[in-house]
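J.: Input structure: run_4.cif, which contains mmCIF, C-alpha atoms, pLDDT in the B column; chains and numbers go by the auth columns.
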data_target
#
loop_
_atom_site.group_PDB
_atom_site.id
_atom_site.type_symbol
_atom_site.label_atom_id
_atom_site.label_comp_id
_atom_site.label_asym_id
_atom_site.label_seq_id
_atom_site.Cartn_x
_atom_site.Cartn_y
_atom_site.Cartn_z
_atom_site.B_iso_or_equiv
_atom_site.auth_seq_id
_atom_site.auth_asym_id
ATOM 1 C CA MET A 1 -124.594 28.620 -47.627 59.00 227 A
ATOM 2 C CA PRO A 2 -124.150 25.210 -45.934 66.00 228 A
ATOM 3 C CA ASN A 3 -126.549 24.055 -43.276 89.00 229 A
ATOM 4 C CA TYR A 4 -125.213 22.285 -40.200 92.00 230 A
ATOM 5 C CA ASN A 5 -126.581 18.827 -41.019 90.00 231 A
ATOM 6 C CA ALA A 6 -125.052 18.927 -44.503 91.00 232 A
ATOM 7 C CA LEU A 7 -121.738 20.146 -43.074 90.00 233 A
ATOM 8 C CA ILE A 8 -121.428 17.236 -40.624 92.00 234 A
ATOM 9 C CA GLU A 9 -123.134 14.562 -42.742 92.00 235 A
ATOM 10 C CA ARG A 10 -119.904 12.578 -43.258 93.00 236 A
ATOM 11 C CA ASN A 11 -119.384 12.347 -39.480 93.00 237 A
ATOM 12 C CA SER A 12 -122.310 9.911 -39.290 90.00 238 A
ATOM 13 C CA GLY A 13 -121.175 6.460 -38.228 92.00 239 A
ATOM 14 C CA TYR A 14 -117.966 7.858 -36.762 93.00 240 A
ATOM 15 C CA ILE A 15 -119.464 10.317 -34.299 94.00 241 A
ATOM 16 C CA SER A 16 -122.713 9.561 -32.479 94.00 242 A
ATOM 17 C CA GLU A 17 -125.564 12.084 -32.529 93.00 243 A
ATOM 18 C CA VAL A 18 -125.056 12.685 -28.799 95.00 244 A
ATOM 19 C CA VAL A 19 -121.357 13.461 -29.241 95.00 245 A
ATOM 20 C CA GLN A 20 -122.059 15.576 -32.351 95.00 246 A
ATOM 21 C CA HIS A 21 -124.565 17.657 -30.364 95.00 247 A
ATOM 22 C CA LYS A 22 -121.981 18.054 -27.596 96.00 248 A
ATOM 23 C CA LEU A 23 -119.339 19.167 -30.118 95.00 249 A
ATOM 24 C CA ARG A 24 -121.718 21.727 -31.558 96.00 250 A
ATOM 25 C CA SER A 25 -122.496 23.311 -28.182 96.00 251 A
ATOM 26 C CA THR A 26 -119.107 23.056 -26.433 98.00 252 A
ATOM 27 C CA ALA A 27 -117.363 26.396 -25.876 98.00 253 A
ATOM 28 C CA LEU A 28 -113.762 26.123 -27.064 98.00 254 A
ATOM 29 C CA LEU A 29 -110.967 28.518 -26.198 98.00 255 A
ATOM 30 C CA ILE A 30 -108.105 28.457 -28.690 98.00 256 A
ATOM 31 C CA ALA A 31 -105.327 30.190 -26.738 98.00 257 A
ATOM 32 C CA GLY A 32 -102.668 30.924 -29.338 97.00 258 A
ATOM 33 C CA CYS A 33 -103.704 30.997 -32.979 97.00 259 A
ATOM 34 C CA GLY A 34 -100.483 29.958 -34.639 94.00 260 A
ATOM 35 C CA VAL A 35 -100.565 26.175 -34.566 90.00 261 A
ATOM 36 C CA GLY A 36 -103.977 26.662 -32.931 94.00 262 A
ATOM 37 C CA SER A 37 -105.259 27.884 -36.294 96.00 263 A
ATOM 38 C CA LEU A 38 -105.074 24.310 -37.574 94.00 264 A
ATOM 39 C CA LEU A 39 -106.900 22.952 -34.522 94.00 265 A
ATOM 40 C CA ALA A 40 -109.591 25.612 -34.857 97.00 266 A
ATOM 41 C CA GLU A 41 -110.173 24.761 -38.509 97.00 267 A
ATOM 42 C CA VAL A 42 -110.448 21.032 -37.807 96.00 268 A
ATOM 43 C CA ALA A 43 -112.834 21.751 -34.910 97.00 269 A
ATOM 44 C CA VAL A 44 -115.144 23.824 -37.131 97.00 270 A
ATOM 45 C CA ARG A 45 -115.030 21.222 -39.894 96.00 271 A
ATOM 46 C CA LEU A 46 -115.917 18.594 -37.277 96.00 272 A
ATOM 47 C CA GLY A 47 -118.969 20.616 -36.265 97.00 273 A
ATOM 48 C CA CYS A 48 -117.875 22.829 -33.365 98.00 274 A
ATOM 49 C CA GLU A 49 -119.704 26.154 -33.522 97.00 275 A
ATOM 50 C CA ASN A 50 -118.642 28.064 -30.412 98.00 276 A
ATOM 51 C CA LEU A 51 -115.009 29.230 -30.479 98.00 277 A
ATOM 52 C CA THR A 52 -113.086 32.001 -28.789 98.00 278 A
ATOM 53 C CA LEU A 53 -109.835 32.789 -30.587 98.00 279 A
ATOM 54 C CA LEU A 54 -107.121 34.440 -28.498 98.00 280 A
ATOM 55 C CA ASP A 55 -103.861 35.844 -29.851 98.00 281 A
ATOM 56 C CA GLY A 56 -102.348 39.321 -30.121 97.00 282 A
ATOM 57 C CA ASP A 57 -99.901 38.462 -32.896 97.00 283 A
ATOM 58 C CA THR A 58 -100.017 39.094 -36.635 98.00 284 A
ATOM 59 C CA VAL A 59 -99.373 36.677 -39.483 98.00 285 A
ATOM 60 C CA ASP A 60 -95.812 36.727 -40.803 97.00 286 A
ATOM 61 C CA ILE A 61 -94.424 34.961 -43.860 97.00 287 A
ATOM 62 C CA HIS A 62 -92.567 32.440 -41.694 95.00 288 A
ATOM 63 C CA ASN A 63 -95.938 31.259 -40.278 94.00 289 A
ATOM 64 C CA LEU A 64 -97.192 30.016 -43.644 95.00 290 A
ATOM 65 C CA ASN A 65 -95.286 26.718 -43.583 92.00 291 A
ATOM 66 C CA ARG A 66 -96.982 25.399 -40.423 90.00 292 A
ATOM 67 C CA GLN A 67 -100.061 27.482 -39.644 94.00 293 A
ATOM 68 C CA GLY A 68 -103.455 27.800 -41.316 94.00 294 A
ATOM 69 C CA TYR A 69 -102.822 31.068 -43.103 97.00 295 A
ATOM 70 C CA ILE A 70 -102.190 32.177 -46.687 97.00 296 A
ATOM 71 C CA SER A 71 -100.040 34.948 -48.158 97.00 297 A
ATOM 72 C CA SER A 72 -102.911 37.451 -48.261 98.00 298 A
ATOM 73 C CA ASP A 73 -103.171 37.096 -44.457 98.00 299 A
ATOM 74 C CA ILE A 74 -99.657 38.490 -43.888 98.00 300 A
ATOM 75 C CA SER A 75 -99.726 41.502 -41.520 98.00 301 A
ATOM 76 C CA ARG A 76 -103.311 40.776 -40.434 98.00 302 A
ATOM 77 C CA TYR A 77 -104.050 39.853 -36.845 98.00 303 A
ATOM 78 C CA LYS A 78 -104.098 36.075 -36.636 98.00 304 A
ATOM 79 C CA VAL A 79 -107.469 35.972 -34.863 98.00 305 A
ATOM 80 C CA GLU A 80 -109.121 38.145 -37.518 98.00 306 A
ATOM 81 C CA ALA A 81 -107.717 36.170 -40.463 98.00 307 A
ATOM 82 C CA LEU A 82 -108.623 32.904 -38.750 98.00 308 A
ATOM 83 C CA ALA A 83 -112.140 34.081 -37.859 98.00 309 A
ATOM 84 C CA ASP A 84 -112.746 34.929 -41.518 98.00 310 A
ATOM 85 C CA ARG A 85 -111.513 31.491 -42.600 98.00 311 A
ATOM 86 C CA LEU A 86 -113.674 29.687 -40.046 98.00 312 A
ATOM 87 C CA ARG A 87 -116.762 31.700 -40.991 97.00 313 A
ATOM 88 C CA ALA A 88 -116.125 30.804 -44.639 96.00 314 A
ATOM 89 C CA ILE A 89 -116.370 27.146 -43.627 96.00 315 A
ATOM 90 C CA ASN A 90 -119.407 27.587 -41.364 96.00 316 A
ATOM 91 C CA PRO A 91 -121.056 31.021 -41.489 96.00 317 A
ATOM 92 C CA ASP A 92 -123.311 30.066 -38.566 95.00 318 A
ATOM 93 C CA ALA A 93 -120.422 29.350 -36.188 97.00 319 A
ATOM 94 C CA ARG A 94 -120.089 31.763 -33.278 98.00 320 A
ATOM 95 C CA ILE A 95 -116.475 32.902 -33.557 98.00 321 A
ATOM 96 C CA GLU A 96 -115.161 35.483 -31.089 98.00 322 A
ATOM 97 C CA PRO A 97 -111.743 36.814 -32.131 98.00 323 A
ATOM 98 C CA LEU A 98 -109.893 38.464 -29.241 98.00 324 A
ATOM 99 C CA CYS A 99 -106.843 40.348 -30.430 98.00 325 A
ATOM 100 C CA LEU A 100 -104.865 40.220 -27.211 96.00 326 A
ATOM 101 C CA PHE A 101 -102.390 38.082 -25.328 97.00 327 A
ATOM 102 C CA LEU A 102 -103.390 35.968 -22.345 96.00 328 A
ATOM 103 C CA ASN A 103 -102.172 37.261 -18.978 95.00 329 A
ATOM 104 C CA SER A 104 -102.980 37.114 -15.276 94.00 330 A
ATOM 105 C CA SER A 105 -105.617 39.856 -15.560 96.00 331 A
ATOM 106 C CA ASN A 106 -107.732 38.214 -18.300 97.00 332 A
ATOM 107 C CA VAL A 107 -107.176 34.479 -17.770 98.00 333 A
ATOM 108 C CA GLU A 108 -109.896 33.899 -15.165 98.00 334 A
ATOM 109 C CA ALA A 109 -112.726 35.277 -17.313 98.00 335 A
ATOM 110 C CA LEU A 110 -111.489 33.542 -20.465 98.00 336 A
ATOM 111 C CA VAL A 111 -111.297 30.149 -18.783 98.00 337 A
ATOM 112 C CA ALA A 112 -114.662 30.678 -17.061 98.00 338 A
ATOM 113 C CA LYS A 113 -116.523 31.056 -20.355 97.00 339 A
ATOM 114 C CA SER A 114 -114.886 27.976 -21.906 98.00 340 A
ATOM 115 C CA ASP A 115 -115.670 24.281 -21.621 98.00 341 A
ATOM 116 C CA VAL A 116 -112.467 22.999 -23.253 98.00 342 A
ATOM 117 C CA ILE A 117 -109.198 24.858 -23.721 98.00 343 A
ATOM 118 C CA PHE A 118 -106.612 24.326 -26.446 96.00 344 A
ATOM 119 C CA ASP A 119 -103.250 25.654 -25.274 96.00 345 A
ATOM 120 C CA THR A 120 -101.180 26.479 -28.320 94.00 346 A
ATOM 121 C CA ILE A 121 -99.595 29.590 -26.825 95.00 347 A
ATOM 122 C CA ASP A 122 -96.097 30.308 -28.123 90.00 348 A
ATOM 123 C CA PHE A 123 -93.724 28.287 -25.944 85.00 349 A
ATOM 124 C CA ALA A 124 -91.668 31.452 -25.300 88.00 350 A
ATOM 125 C CA ASP A 125 -94.542 32.930 -23.256 93.00 351 A
ATOM 126 C CA LEU A 126 -94.131 30.692 -20.223 93.00 352 A
ATOM 127 C CA PRO A 127 -95.947 33.071 -17.795 95.00 353 A
ATOM 128 C CA ALA A 128 -99.087 32.921 -19.976 96.00 354 A
ATOM 129 C CA ILE A 129 -98.918 29.128 -20.259 95.00 355 A
ATOM 130 C CA ILE A 130 -98.538 28.736 -16.489 96.00 356 A
ATOM 131 C CA ALA A 131 -101.367 31.200 -15.826 97.00 357 A
ATOM 132 C CA LEU A 132 -103.642 29.327 -18.240 98.00 358 A
ATOM 133 C CA HIS A 133 -102.925 25.903 -16.791 97.00 359 A
ATOM 134 C CA ASP A 134 -103.162 27.083 -13.185 97.00 360 A
ATOM 135 C CA GLU A 135 -106.511 28.783 -13.814 98.00 361 A
ATOM 136 C CA ALA A 136 -107.896 25.853 -15.790 98.00 362 A
ATOM 137 C CA CYS A 137 -106.896 23.527 -12.946 97.00 363 A
ATOM 138 C CA ARG A 138 -108.535 25.854 -10.411 98.00 364 A
ATOM 139 C CA GLN A 139 -111.758 25.899 -12.466 98.00 365 A
ATOM 140 C CA ARG A 140 -111.462 22.179 -13.269 98.00 366 A
ATOM 141 C CA LYS A 141 -111.462 22.736 -17.033 97.00 367 A
ATOM 142 C CA PRO A 142 -109.631 20.367 -19.414 97.00 368 A
ATOM 143 C CA VAL A 143 -106.626 21.681 -21.315 96.00 369 A
ATOM 144 C CA ILE A 144 -105.241 20.115 -24.467 94.00 370 A
ATOM 145 C CA SER A 145 -101.743 21.329 -25.311 90.00 371 A
ATOM 146 C CA GLY A 146 -100.485 21.038 -28.861 76.00 372 A
ATOM 147 C CA MET A 147 -96.922 21.759 -29.830 66.00 373 A
ATOM 148 C CA ASN A 148 -94.530 21.628 -32.745 61.00 374 A
ATOM 149 C CA ILE A 149 -91.888 18.941 -32.458 65.00 375 A
ATOM 150 C CA GLY A 150 -89.525 19.300 -35.383 60.00 376 A
ATOM 151 C CA TRP A 151 -91.617 18.511 -38.456 59.00 377 A
ATOM 152 C CA GLY A 152 -94.157 16.615 -36.353 61.00 378 A
ATOM 153 C CA ALA A 153 -96.498 17.450 -33.511 63.00 379 A
ATOM 154 C CA GLY A 154 -97.380 16.377 -30.007 66.00 380 A
ATOM 155 C CA VAL A 155 -100.550 16.654 -27.929 67.00 381 A
ATOM 156 C CA VAL A 156 -100.853 16.480 -24.155 69.00 382 A
ATOM 157 C CA TYR A 157 -104.152 16.399 -22.239 71.00 383 A
ATOM 158 C CA PHE A 158 -104.290 17.893 -18.723 65.00 384 A
#
Output the file's structure in the form of structure tokens.

T.:
Amino acid sequence: MPNYNALIERNSGYISEVVQHKLRSTALLIAGCGVGSLLAEVAVRLGCENLTLLDGDTVDIHNLNRQGYISSDISRYKVEALADRLRAINPDARIEPLCLFLNSSNVEALVAKSDVIFDTIDFADLPAIIALHDEACRQRKPVISGMNIGWGAGVVYF
């Protein structure tokens, strides 16, 4: 079982101890665990240990070409499959999988318990995206939006 210092050893020289400590303690909300699955994995590998995963969808075969899942994850809830993967990387990480979709009744509490929000909600769910951004703005929390653009990607910071 890896210990934290061994896990982040290669970050030394690239990430200061102060920033590494901040990464470890920052509460991340990954809203949408499709493309967000890749962000969550990179965050845990970087040393983040406090993640809330939010998505009510299941893994389908068409997700495998662009999301952090494997064929044995098909039909599983994305947050549960992703939580297992993240815990396999860092068993000490505090991963909270929430198998539900973001909406106006749960957004306030979810944003309140987060320090940084990754918005990777499916672009077809515009009401959820607007609710998330409006609430994050109201609570003055940063939002990083990642999106597929053809075979590439884009990131926007709000």

J.: Neighbouring residues of range 326-341 of chain A were defined as those with any atom within 6 Å, considering all atoms listed in the file; residues of the same chain fewer than 2 positions away were excluded. Please report them as a ChimeraX atom specification.

T.: /A:253-255,281-282,324,354

J.: Set up a box along x, y and z of the file covering all listed atoms of range 235-251 of chain A, add 5 Å on every one of the six sides, and write the centre and edge lengths in Å to one decimal, as JSON.

T.:
{"center_x": -121.8, "center_y": 14.9, "center_z": -35.4, "size_x": 17.6, "size_y": 26.9, "size_z": 25.7}

J.: Can you turn the PyMOL selection byres ((chain A and resi 305) around 8) into a concrete residue list for this file, as JSON, numbers by chain?

T.: {"A": [259, 279, 280, 281, 282, 303, 304, 306, 307, 308, 309, 323, 324, 325]}

J.: Which residues would end up in the selection if the PyMOL selection byres ((chain A and resi 267-276) around 6) were applied here, given that I need the answer as a PyMOL selection string?

T.: chain A and resi 249-250+253+264-266+277+319-320

J.: What is the distance, in Å and to one decimal place, between CA of Asn291 in chain A and CA of Ile356 in chain A?

T.: 27.4 Å

J.: Using CA of His288 in chain A and CA of Ala314 in chain A as the two end points, give the distance in Å to one decimal.

T.: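 Result for CA of His288 in chain A versus CA of Ala314 in chain A: 23.8 Å, one decimal.
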
J.: Will you model N, CA and C atoms for range 311-338 of chain A and pass it back as a JSON list (two decimals), in the frame of the given file?

T.:
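Contents of rebuild_28.json, as written:
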[["chain", "number", "residue", "atom", "x", "y", "z"],
["A", 311, "ARG", "N", -111.63, 32.83, -42.01],
["A", 311, "ARG", "CA", -111.51, 31.49, -42.60],
["A", 311, "ARG", "C", -112.55, 30.54, -42.01],
["A", 312, "LEU", "N", -112.72, 30.58, -40.70],
["A", 312, "LEU", "CA", -113.67, 29.69, -40.05],
["A", 312, "LEU", "C", -115.11, 30.02, -40.44],
["A", 313, "ARG", "N", -115.41, 31.29, -40.56],
["A", 313, "ARG", "CA", -116.76, 31.70, -40.99],
["A", 313, "ARG", "C", -117.02, 31.33, -42.45],
["A", 314, "ALA", "N", -115.97, 31.25, -43.25],
["A", 314, "ALA", "CA", -116.12, 30.80, -44.64],
["A", 314, "ALA", "C", -116.48, 29.32, -44.70],
["A", 315, "ILE", "N", -116.04, 28.57, -43.71],
["A", 315, "ILE", "CA", -116.37, 27.15, -43.63],
["A", 315, "ILE", "C", -117.78, 26.97, -43.08],
["A", 316, "ASN", "N", -118.08, 27.66, -41.98],
["A", 316, "ASN", "CA", -119.41, 27.59, -41.36],
["A", 316, "ASN", "C", -119.84, 28.98, -40.95],
["A", 317, "PRO", "N", -120.62, 29.66, -41.79],
["A", 317, "PRO", "CA", -121.06, 31.02, -41.49],
["A", 317, "PRO", "C", -121.90, 31.14, -40.22],
["A", 318, "ASP", "N", -122.48, 30.03, -39.77],
["A", 318, "ASP", "CA", -123.31, 30.07, -38.57],
["A", 318, "ASP", "C", -122.52, 29.88, -37.28],
["A", 319, "ALA", "N", -121.24, 29.54, -37.38],
["A", 319, "ALA", "CA", -120.42, 29.35, -36.19],
["A", 319, "ALA", "C", -120.27, 30.68, -35.45],
["A", 320, "ARG", "N", -120.30, 30.59, -34.14],
["A", 320, "ARG", "CA", -120.09, 31.76, -33.28],
["A", 320, "ARG", "C", -118.59, 31.84, -32.98],
["A", 321, "ILE", "N", -117.92, 32.74, -33.66],
["A", 321, "ILE", "CA", -116.48, 32.90, -33.56],
["A", 321, "ILE", "C", -116.21, 34.26, -32.90],
["A", 322, "GLU", "N", -115.51, 34.23, -31.77],
["A", 322, "GLU", "CA", -115.16, 35.48, -31.09],
["A", 322, "GLU", "C", -113.64, 35.68, -31.16],
["A", 323, "PRO", "N", -113.18, 36.55, -32.06],
["A", 323, "PRO", "CA", -111.74, 36.81, -32.13],
["A", 323, "PRO", "C", -111.34, 37.87, -31.10],
["A", 324, "LEU", "N", -110.39, 37.53, -30.24],
["A", 324, "LEU", "CA", -109.89, 38.46, -29.24],
["A", 324, "LEU", "C", -108.42, 38.75, -29.54],
["A", 325, "CYS", "N", -108.18, 39.95, -30.00],
["A", 325, "CYS", "CA", -106.84, 40.35, -30.43],
["A", 325, "CYS", "C", -106.05, 40.85, -29.22],
["A", 326, "LEU", "N", -105.65, 39.90, -28.39],
["A", 326, "LEU", "CA", -104.86, 40.22, -27.21],
["A", 326, "LEU", "C", -104.13, 38.98, -26.75],
["A", 327, "PHE", "N", -103.15, 39.19, -25.89],
["A", 327, "PHE", "CA", -102.39, 38.08, -25.33],
["A", 327, "PHE", "C", -102.97, 37.71, -23.98],
["A", 328, "LEU", "N", -102.90, 36.44, -23.63],
["A", 328, "LEU", "CA", -103.39, 35.97, -22.34],
["A", 328, "LEU", "C", -102.43, 36.43, -21.25],
["A", 329, "ASN", "N", -103.00, 36.87, -20.12],
["A", 329, "ASN", "CA", -102.17, 37.26, -18.98],
["A", 329, "ASN", "C", -102.96, 37.05, -17.69],
["A", 330, "SER", "N", -102.35, 37.37, -16.58],
["A", 330, "SER", "CA", -102.98, 37.11, -15.28],
["A", 330, "SER", "C", -104.25, 37.94, -15.06],
["A", 331, "SER", "N", -104.42, 39.04, -15.77],
["A", 331, "SER", "CA", -105.62, 39.86, -15.56],
["A", 331, "SER", "C", -106.81, 39.41, -16.40],
["A", 332, "ASN", "N", -106.60, 38.63, -17.48],
["A", 332, "ASN", "CA", -107.73, 38.21, -18.30],
["A", 332, "ASN", "C", -107.98, 36.71, -18.28],
["A", 333, "VAL", "N", -107.08, 35.93, -17.69],
["A", 333, "VAL", "CA", -107.18, 34.48, -17.77],
["A", 333, "VAL", "C", -108.41, 33.92, -17.06],
["A", 334, "GLU", "N", -108.77, 34.45, -15.92],
["A", 334, "GLU", "CA", -109.90, 33.90, -15.16],
["A", 334, "GLU", "C", -111.19, 33.96, -15.97],
["A", 335, "ALA", "N", -111.49, 35.11, -16.55],
["A", 335, "ALA", "CA", -112.73, 35.28, -17.31],
["A", 335, "ALA", "C", -112.71, 34.43, -18.58],
["A", 336, "LEU", "N", -111.57, 34.33, -19.23],
["A", 336, "LEU", "CA", -111.49, 33.54, -20.46],
["A", 336, "LEU", "C", -111.70, 32.05, -20.20],
["A", 337, "VAL", "N", -111.11, 31.55, -19.14],
["A", 337, "VAL", "CA", -111.30, 30.15, -18.78],
["A", 337, "VAL", "C", -112.74, 29.91, -18.33],
["A", 338, "ALA", "N", -113.30, 30.85, -17.60],
["A", 338, "ALA", "CA", -114.66, 30.68, -17.06],
["A", 338, "ALA", "C", -115.70, 30.50, -18.16]]
